[in-house]
$ cat protein-v6.cif   # mmCIF, C-alpha atoms
data_start
#
loop_
_atom_site.label_atom_id
_atom_site.label_comp_id
_atom_site.auth_asym_id
_atom_site.auth_seq_id
_atom_site.Cartn_x
_atom_site.Cartn_y
_atom_site.Cartn_z
CA MET I 1 -221.76 34.22 -45.71
CA SER I 2 -220.72 37.31 -43.77
CA ALA I 3 -218.17 38.57 -41.30
CA LEU I 4 -220.64 37.59 -38.58
CA ASN I 5 -220.43 33.91 -39.51
CA ALA I 6 -216.65 34.05 -39.51
CA LEU I 7 -216.48 35.81 -36.14
CA PHE I 8 -219.14 33.93 -34.19
CA ASP I 9 -217.77 31.79 -31.34
CA GLU I 10 -220.23 29.25 -29.96
CA ASN I 11 -218.31 28.77 -26.72
CA VAL I 12 -218.10 32.50 -25.98
CA TYR I 13 -221.79 33.05 -26.72
CA LEU I 14 -222.94 30.18 -24.51
CA ALA I 15 -220.60 31.21 -21.69
CA ARG I 16 -221.96 34.76 -21.75
CA ASN I 17 -225.59 33.59 -22.01
CA PRO I 18 -226.20 30.71 -19.57
CA ASP I 19 -229.94 30.67 -20.32
CA VAL I 20 -229.13 29.94 -23.96
CA ALA I 21 -226.61 27.28 -22.91
CA ALA I 22 -229.33 25.63 -20.81
CA ALA I 23 -231.73 25.71 -23.77
CA VAL I 24 -229.13 24.08 -26.00
CA GLN I 25 -228.40 21.45 -23.35
CA ALA I 26 -232.14 20.69 -23.09
CA LYS I 27 -232.31 20.49 -26.90
CA ARG I 28 -234.92 23.25 -27.11
CA ILE I 29 -232.68 24.96 -29.67
CA SER I 30 -229.95 23.45 -31.80
CA SER I 31 -227.13 25.90 -31.04
CA GLY I 32 -226.15 29.25 -29.67
CA PHE I 33 -225.67 30.44 -33.23
CA GLN I 34 -229.30 29.64 -34.04
CA HIS I 35 -230.43 31.61 -30.99
CA PHE I 36 -228.13 34.50 -31.86
CA LEU I 37 -229.52 34.81 -35.38
CA THR I 38 -233.18 34.33 -34.53
CA SER I 39 -233.46 36.38 -31.35
CA GLY I 40 -230.12 37.15 -29.70
CA ILE I 41 -229.26 40.10 -31.93
CA ARG I 42 -232.70 41.65 -31.40
CA GLU I 43 -232.33 41.16 -27.65
CA GLY I 44 -229.05 43.09 -27.60
CA ARG I 45 -226.83 40.11 -26.81
CA THR I 46 -223.61 41.44 -28.30
CA ARG I 47 -220.95 39.23 -26.71
CA PHE I 48 -220.76 36.70 -29.53
CA SER I 49 -217.02 36.51 -30.22
CA ARG I 50 -213.82 36.76 -28.23
CA PHE I 51 -213.00 39.81 -30.36
CA TYR I 52 -216.31 41.49 -29.50
CA ASP I 53 -216.34 40.51 -25.85
CA ARG I 54 -215.05 43.77 -24.39
CA ALA I 55 -217.56 46.43 -23.38
CA SER I 56 -215.49 48.98 -25.30
CA THR I 57 -216.14 47.36 -28.69
CA GLU I 58 -219.83 48.22 -28.71
CA PHE I 59 -219.07 51.73 -27.43
CA GLU I 60 -216.45 52.26 -30.15
CA TYR I 61 -218.90 51.36 -32.91
CA ARG I 62 -221.46 53.82 -31.58
CA GLN I 63 -218.80 56.49 -31.14
CA ALA I 64 -217.51 56.00 -34.70
CA TYR I 65 -221.02 56.25 -36.19
CA PRO I 66 -223.10 58.96 -34.47
CA ASP I 67 -226.12 58.14 -36.65
CA VAL I 68 -226.14 54.62 -35.20
CA ASP I 69 -225.80 55.97 -31.66
CA ALA I 70 -228.74 58.31 -32.30
CA ALA I 71 -230.87 55.43 -33.63
CA ILE I 72 -230.11 53.39 -30.51
CA ARG I 73 -231.04 56.31 -28.29
CA ARG I 74 -234.33 56.67 -30.16
CA GLY I 75 -235.05 52.99 -29.64
CA ASN I 76 -234.85 52.08 -33.34
CA LEU I 77 -231.91 49.75 -32.69
CA VAL I 78 -230.78 47.83 -29.64
CA SER I 79 -227.05 47.82 -30.41
CA GLY I 80 -224.32 48.77 -32.81
CA LEU I 81 -223.92 45.10 -33.61
CA GLN I 82 -227.55 44.92 -34.78
CA HIS I 83 -226.88 47.85 -37.09
CA TYR I 84 -223.76 46.21 -38.51
CA VAL I 85 -225.61 42.96 -39.20
CA GLN I 86 -228.49 44.70 -40.98
CA PRO I 87 -227.13 47.56 -43.16
CA GLY I 88 -223.71 48.32 -41.69
CA GLU I 89 -221.54 45.67 -43.34
CA ALA I 90 -223.14 46.29 -46.74
CA GLU I 91 -222.54 50.02 -46.30
CA GLY I 92 -218.81 49.43 -45.85
CA ARG I 93 -218.74 50.25 -42.13
CA THR I 94 -216.26 48.51 -39.88
CA LEU I 95 -217.35 46.52 -36.85
CA PHE I 96 -214.05 47.29 -35.12
CA PRO I 97 -213.31 51.02 -35.63
CA GLN I 98 -210.08 50.73 -33.64
CA GLY I 99 -209.10 47.25 -34.78
CA PHE I 100 -209.92 47.04 -38.49
CA ASP I 101 -210.09 49.78 -41.13
CA GLU I 102 -212.43 48.44 -43.83
CA GLN I 103 -211.73 51.20 -46.35
CA TRP I 104 -207.96 51.02 -45.89
CA TYR I 105 -207.98 47.23 -46.19
CA GLN I 106 -209.86 47.31 -49.48
CA ARG I 107 -207.66 50.11 -50.84
CA ARG I 108 -204.49 48.23 -49.89
CA TYR I 109 -205.57 44.83 -51.21
CA PRO I 110 -207.25 44.99 -54.64
CA ASP I 111 -207.46 41.18 -54.72
CA VAL I 112 -209.86 41.42 -51.78
CA VAL I 113 -211.99 44.00 -53.61
CA ASN I 114 -212.14 41.65 -56.59
CA ALA I 115 -213.23 38.76 -54.36
CA ILE I 116 -215.94 40.93 -52.76
CA THR I 117 -217.16 41.98 -56.20
CA GLN I 118 -217.44 38.32 -57.17
CA LYS I 119 -219.44 37.64 -53.96
CA PHE I 120 -216.82 35.37 -52.41
CA PHE I 121 -216.78 37.64 -49.35
CA SER I 122 -219.24 40.14 -47.96
CA SER I 123 -216.55 42.54 -46.74
CA GLY I 124 -212.86 43.02 -46.14
CA LEU I 125 -213.45 42.04 -42.52
CA GLU I 126 -214.80 38.63 -43.52
CA HIS I 127 -211.76 38.07 -45.75
CA TYR I 128 -209.41 39.09 -42.95
CA VAL I 129 -210.98 36.79 -40.38
CA ARG I 130 -211.06 33.81 -42.75
CA PHE I 131 -207.72 34.29 -44.55
CA GLY I 132 -206.00 37.66 -44.16
CA ARG I 133 -205.24 37.21 -40.48
CA GLY I 134 -203.27 34.05 -41.18
CA GLU I 135 -201.54 35.71 -44.14
CA GLU I 136 -200.15 38.50 -41.91
CA ARG I 137 -202.07 41.16 -43.81
CA SER I 138 -202.27 44.58 -42.20
CA VAL I 139 -205.65 46.07 -41.33
CA SER I 140 -204.56 49.69 -41.20
CA ALA I 141 -201.44 51.81 -41.70
CA LEU I 142 -199.84 49.95 -38.80
CA PHE I 143 -197.61 47.30 -40.40
CA GLU I 144 -198.58 44.13 -38.54
CA PHE I 145 -195.59 42.02 -39.55
CA ASP I 146 -193.10 44.39 -37.89
CA TYR I 147 -195.24 44.66 -34.76
CA PHE I 148 -195.51 40.90 -34.31
CA ASN I 149 -191.78 40.41 -34.99
CA LEU I 150 -190.92 43.06 -32.43
CA TYR I 151 -193.37 41.71 -29.86
CA PRO I 152 -193.65 37.92 -30.06
CA ASP I 153 -195.71 37.95 -26.86
CA VAL I 154 -198.48 39.74 -28.76
CA LYS I 155 -198.28 37.31 -31.66
CA ASN I 156 -198.27 34.30 -29.34
CA ALA I 157 -201.35 35.64 -27.58
CA ARG I 158 -203.07 36.18 -30.93
CA ASP I 159 -202.25 32.68 -32.14
CA SER I 160 -203.42 31.04 -28.92
CA GLY I 161 -206.92 32.52 -28.79
CA GLY I 162 -206.27 36.05 -27.52
CA ILE I 163 -208.92 38.75 -27.43
CA TYR I 164 -207.31 41.14 -29.93
CA LEU I 165 -208.40 40.86 -33.56
CA SER I 166 -205.20 42.33 -35.02
CA ALA I 167 -201.91 43.99 -34.18
CA ALA I 168 -203.66 47.35 -34.66
CA ASP I 169 -206.36 46.28 -32.21
CA HIS I 170 -203.72 45.40 -29.61
CA PHE I 171 -201.71 48.55 -30.23
CA LEU I 172 -204.63 50.97 -29.92
CA HIS I 173 -206.07 49.32 -26.82
CA ALA I 174 -202.88 48.33 -25.01
CA GLY I 175 -199.61 48.69 -26.89
CA LYS I 176 -199.43 52.45 -27.19
CA PHE I 177 -200.13 52.84 -23.46
CA GLU I 178 -197.32 50.37 -22.76
CA GLY I 179 -194.86 52.45 -24.80
CA ARG I 180 -194.53 49.91 -27.62
CA ALA I 181 -193.03 50.92 -30.96
CA ALA I 182 -194.80 50.61 -34.32
CA THR I 183 -194.23 51.02 -38.05
CA PHE I 184 -196.84 52.93 -40.05
CA ALA I 185 -196.82 52.57 -43.84
CA GLY I 186 -198.74 53.71 -46.89
CA THR I 187 -199.86 52.17 -50.17
CA LYS I 188 -198.93 52.61 -53.83
CA GLY I 189 -201.12 55.72 -53.96
CA ASN I 190 -201.09 59.07 -52.19
CA ASP I 191 -201.33 58.50 -48.44
CA LEU I 192 -201.73 60.27 -45.13
CA VAL I 193 -199.68 58.31 -42.58
CA ILE I 194 -199.90 59.41 -38.95
CA GLY I 195 -197.63 58.20 -36.16
CA ASN I 196 -199.18 57.33 -32.82
CA ALA I 197 -196.57 55.36 -30.88
CA ALA I 198 -193.88 56.19 -28.36
CA ILE I 199 -191.38 55.21 -31.06
CA ASP I 200 -192.65 55.48 -34.64
CA THR I 201 -191.25 54.54 -38.02
CA LEU I 202 -193.24 56.22 -40.79
CA THR I 203 -193.01 55.58 -44.51
CA GLY I 204 -195.35 56.41 -47.35
CA VAL I 205 -194.42 53.41 -49.48
CA GLU I 206 -196.24 50.07 -49.53
CA LEU I 207 -194.93 47.23 -47.37
CA ASP I 208 -195.71 43.54 -47.60
CA VAL I 209 -194.55 40.15 -46.34
CA GLY I 210 -192.50 37.87 -48.56
CA VAL I 211 -189.87 35.14 -48.59
CA CYS I 212 -186.48 36.13 -47.16
CA VAL I 213 -183.75 36.63 -49.75
CA VAL I 214 -180.11 37.41 -48.91
CA GLY I 215 -177.61 38.08 -51.67
CA GLY I 216 -180.10 36.88 -54.26
CA THR I 217 -180.55 33.53 -52.50
CA VAL I 218 -183.84 32.46 -50.96
CA THR I 219 -183.14 31.64 -47.32
CA GLY I 220 -186.65 30.72 -46.22
CA GLY I 221 -188.81 32.31 -43.58
CA GLN I 222 -190.72 35.57 -43.91
CA CYS I 223 -189.27 39.04 -44.33
CA LYS I 224 -190.52 42.56 -44.94
CA GLU I 225 -190.82 43.56 -48.59
CA TYR I 226 -191.15 46.98 -50.19
CA ASP I 227 -193.84 46.88 -52.88
CA SER I 228 -193.40 50.50 -53.96
CA PHE I 229 -190.72 53.18 -53.79
CA GLY I 230 -192.78 56.37 -53.79
CA ILE I 231 -192.71 56.89 -57.56
CA ASN I 232 -195.70 58.99 -58.66
CA GLU I 233 -196.76 59.33 -55.03
CA ILE I 234 -197.18 62.43 -52.89
CA ASP I 235 -197.47 61.23 -49.32
CA THR I 236 -197.96 63.12 -46.08
CA LEU I 237 -196.16 61.70 -43.04
CA VAL I 238 -197.22 63.16 -39.70
CA GLY I 239 -195.05 62.57 -36.67
CA GLY I 240 -196.60 61.46 -33.41
CA PRO I 241 -196.00 62.54 -29.82
CA GLY I 242 -192.99 60.25 -29.39
CA ILE I 243 -189.75 59.70 -31.30
CA ASP I 244 -190.32 59.51 -35.05
CA THR I 245 -188.16 58.05 -37.81
CA PHE I 246 -189.21 59.05 -41.32
CA GLU I 247 -188.01 56.39 -43.73
CA LEU I 248 -187.11 57.76 -47.17
CA GLY I 249 -184.88 54.91 -48.30
CA ARG I 250 -183.64 51.42 -47.54
CA SER I 251 -180.66 49.10 -48.03
CA VAL I 252 -180.90 45.76 -49.82
CA THR I 253 -178.26 43.03 -49.91
CA GLY I 254 -178.04 41.58 -53.42
CA ARG I 255 -175.56 39.48 -55.37
CA ALA I 256 -173.50 42.61 -56.07
CA GLY I 257 -173.48 43.62 -52.42
CA VAL I 258 -175.46 46.26 -50.55
CA ILE I 259 -177.72 48.42 -52.72
CA ASN I 260 -179.21 51.63 -51.34
CA GLN I 261 -182.57 52.78 -52.66
CA MET I 262 -183.95 56.29 -52.28
CA PHE I 263 -187.72 56.66 -52.20
CA TYR I 264 -189.48 59.29 -54.38
CA ALA I 265 -186.40 59.65 -56.61
CA SER I 266 -187.72 59.22 -60.16
CA PHE I 267 -185.62 62.05 -61.67
CA SER I 268 -188.46 62.51 -64.12
CA GLN I 269 -188.69 65.50 -66.43
CA VAL I 270 -191.95 66.30 -64.63
CA GLN I 271 -190.67 68.27 -61.67
CA ASP I 272 -191.73 67.38 -58.13
CA GLN I 273 -194.29 64.75 -59.10
CA ASP I 274 -193.37 62.47 -56.19
CA PHE I 275 -192.19 63.40 -52.70
CA ALA I 276 -193.12 63.16 -49.02
CA ARG I 277 -194.50 66.01 -46.94
CA ILE I 278 -193.17 65.57 -43.42
CA GLN I 279 -195.13 67.29 -40.69
CA ASN I 280 -194.67 67.61 -36.94
CA PHE I 281 -190.93 67.00 -37.21
CA GLU I 282 -189.39 67.73 -33.81
CA VAL I 283 -185.82 68.97 -34.08
CA GLY I 284 -183.40 67.10 -31.84
CA LYS I 285 -185.74 64.14 -31.40
CA ASP I 286 -186.92 62.94 -34.80
CA ARG I 287 -184.78 61.79 -37.71
CA LEU I 288 -184.79 60.93 -41.42
CA ILE I 289 -183.37 57.85 -43.15
CA LEU I 290 -182.14 58.51 -46.68
CA GLY I 291 -181.09 55.93 -49.27
CA ALA I 292 -178.23 58.19 -50.29
CA LYS I 293 -174.98 59.67 -49.04
CA SER I 294 -174.45 63.06 -47.53
CA GLY I 295 -173.29 65.65 -50.04
CA GLU I 296 -172.43 65.01 -53.66
CA PRO I 297 -173.11 61.67 -55.40
CA SER I 298 -170.55 59.01 -56.18
CA THR I 299 -170.39 56.34 -58.83
CA PHE I 300 -172.36 53.90 -56.71
CA SER I 301 -174.54 56.14 -54.57
CA LEU I 302 -176.90 59.06 -54.92
CA GLY I 303 -176.03 62.22 -53.08
CA SER I 304 -178.31 64.60 -51.18
CA ARG I 305 -178.91 68.29 -50.60
CA PHE I 306 -180.80 70.09 -47.85
CA ILE I 307 -182.08 73.58 -48.68
CA SER I 308 -183.94 75.95 -46.38
CA GLN I 309 -187.11 77.48 -47.85
CA SER I 310 -189.86 79.65 -46.42
CA ASP I 311 -192.14 76.66 -45.69
CA GLY I 312 -189.52 74.19 -44.49
CA VAL I 313 -186.43 72.24 -45.45
CA TYR I 314 -186.37 70.74 -48.95
CA VAL I 315 -184.50 67.46 -49.29
CA TYR I 316 -183.17 66.52 -52.73
CA ALA I 317 -181.65 63.37 -54.17
CA VAL I 318 -178.71 64.08 -56.45
CA GLN I 319 -177.35 61.80 -59.17
CA PRO I 320 -174.13 62.17 -61.18
CA GLU I 321 -174.55 64.38 -64.23
CA THR I 322 -174.50 62.54 -67.54
CA VAL I 323 -173.98 64.52 -70.73
CA GLY I 324 -176.98 64.21 -73.02
CA SER I 325 -179.22 62.51 -70.44
CA PRO I 326 -182.89 63.62 -70.53
CA LEU I 327 -183.18 63.05 -66.80
CA ARG I 328 -182.78 65.79 -64.22
CA PHE I 329 -179.81 65.58 -61.88
CA THR I 330 -181.67 66.60 -58.71
CA ASP I 331 -185.06 65.44 -57.52
CA LEU I 332 -187.15 66.61 -54.58
CA VAL I 333 -187.84 63.67 -52.25
CA ALA I 334 -189.16 65.40 -49.12
CA ILE I 335 -190.27 68.69 -47.60
CA VAL I 336 -189.78 68.85 -43.84
CA GLU I 337 -192.41 71.43 -43.04
CA GLY I 338 -192.09 73.96 -40.26
CA VAL I 339 -188.32 73.64 -39.81
CA ALA I 340 -186.33 76.79 -40.59
CA ASN I 341 -182.74 75.57 -40.72
CA ALA I 342 -181.48 72.88 -43.05
CA SER I 343 -178.76 72.00 -40.57
CA ASP I 344 -181.39 70.94 -38.01
CA VAL I 345 -182.62 68.22 -40.37
CA LEU I 346 -179.20 67.34 -41.78
CA GLY I 347 -177.82 66.80 -38.30
CA THR I 348 -180.43 64.15 -37.45
CA THR I 349 -180.38 62.25 -40.77
CA THR I 350 -179.06 58.73 -41.17
CA PHE I 351 -177.45 58.25 -44.61
CA LEU I 352 -177.40 54.77 -46.10
CA GLY I 353 -175.10 55.70 -48.99
#

$ encode --input "protein-v6.cif" --output "structure tokens"
Amino acid sequence: MSALNALFDENVYLARNPDVAAAVQAKRISSGFQHFLTSGIREGRTRFSRFYDRASTEFEYRQAYPDVDAAIRRGNLVSGLQHYVQPGEAEGRTLFPQGFDEQWYQRRYPDVVNAITQKFFSSGLEHYVRFGRGEERSVSALFEFDYFNLYPDVKNARDSGGIYLSAADHFLHAGKFEGRAATFAGTKGNDLVIGNAAIDTLTGVELDVGVCVVGGTVTGGQCKEYDSFGINEIDTLVGGPGIDTFELGRSVTGRAGVINQMFYASFSQVQDQDFARIQNFEVGKDRLILGAKSGEPSTFSLGSRFISQSDGVYVYAVQPETVGSPLRFTDLVAIVEGVANASDVLGTTTFLG
């Protein structure tokens, strides 16, 4: 089995190749899929799936892999699709450079890597097409669940046979030009997260989809979950050309009420082992969200401090001092690089505490 098997659409292939459809109708061949495997790939017939039916998909593969483009120009290959079928999938390349990030998908979902190792799937792409797509898994830093919730028209189109493989595929080919907003998230490791929307939310922590819980009670439906909180992570968050929100905390409603959580706040004895580097922060347009209150801490909330340094504004979480505690009382959670005045960051920060 391979991603090709999962992606192939008999109706699309026959519609794009009427000579093959005629041969199938006359029973000279059993199916379009048989033709595609035995001769269609070699003949350069690339329109085999609704997701690979745009002219741009073949161009994007060649653009992403210059060695493949060079081989096609030399006449060693007829298409990028032929390359993917032969060595490309096994080499870990992605058939959809702007719609599916193979390396990111495998790094984000270790269960998929385990399944590939056990030969259940040939690639992350095959897993996504067969299962991950229906499980609302993300294929890149763009968090698909938020995008589909924000834009039900995109999700409805996807679920009714649309041409876009994923939310990322839609965003990069249409959404960002339409001014749509997007959330970009990291993993449990060190990440580079880059904004690319008119309105971005960027966070370095890992997001997932889970059952909705309010006040400790399961309410049903699906909600966004935070699978990590930045502990032992050093992430780099790069703002895009639009309005960016850098998420460094969140609020959760539990049985005891609203609980605010600050990301990267381990207060470990190892200084500055987890924090976010924030780049391309535009004063007066972008903002931070902190899971803390402004100023000194209280009994139920962390405090925060903003200090100007030579390379930017350092943002610290502050907890109440406890006599005899081995933990530090301040912890670096972010460096807003390239900004000279702490007040410029403080003035555009939303405090959840």

$ closest_residue --input "protein-v6.cif" --among "I:Phe143, I:Gly338, I:Thr219, I:Tyr52" --to "Gly162 in chain I" --atoms "all atoms listed in the file"
I:Tyr52

$ closest_residue --input "protein-v6.cif" --among "I:Glu135, I:Asp274, I:Ser251, I:Asn149" --to "Asp191 in chain I" --atoms "all atoms listed in the file"
I:Asp274

$ resolve_selection --input "protein-v6.cif" --expression "the PyMOL selection byres ((chain I and resi 96-100) around 6)" --output "ChimeraX atom specification"
/I:94-95,101,139,168-169

$ closest_atom_pairs --input "protein-v6.cif" --of "range 34-120 of chain I" --to "range 8-28 of chain I" --cutoff "12 Å" --atoms "only C-alpha atoms" --output "CSV"
residue,atom,partner,partner_atom,distance
I:Gln34,CA,I:Val24,CA,9.8
I:His35,CA,I:Val20,CA,7.3
I:Phe36,CA,I:Tyr13,CA,8.3
I:Leu37,CA,I:Phe8,CA,10.5
I:Ser39,CA,I:Val20,CA,10.7
I:Gly40,CA,I:Val20,CA,9.3
I:Ile41,CA,I:Tyr13,CA,11.5
I:Glu43,CA,I:Asn17,CA,11.6
I:Gly44,CA,I:Asn17,CA,11.6
I:Arg45,CA,I:Asn17,CA,8.2
I:Thr46,CA,I:Tyr13,CA,8.7
I:Arg47,CA,I:Tyr13,CA,6.2
I:Phe48,CA,I:Tyr13,CA,4.7
I:Ser49,CA,I:Asp9,CA,4.9
I:Arg50,CA,I:Val12,CA,6.4
I:Phe51,CA,I:Phe8,CA,9.3
I:Tyr52,CA,I:Phe8,CA,9.3
I:Asp53,CA,I:Val12,CA,8.2
I:Arg54,CA,I:Arg16,CA,11.7

$ atom_distance --input "protein-v6.cif" --atom1 "CA of Tyr61 in chain I" --atom2 "CA of Thr201 in chain I"
28.3 Å

$ closest_residue --input "protein-v6.cif" --among "I:Asn280, I:Phe275, I:Met262, I:Ser308" --to "Phe351 in chain I" --atoms "only C-alpha atoms"
I:Met262
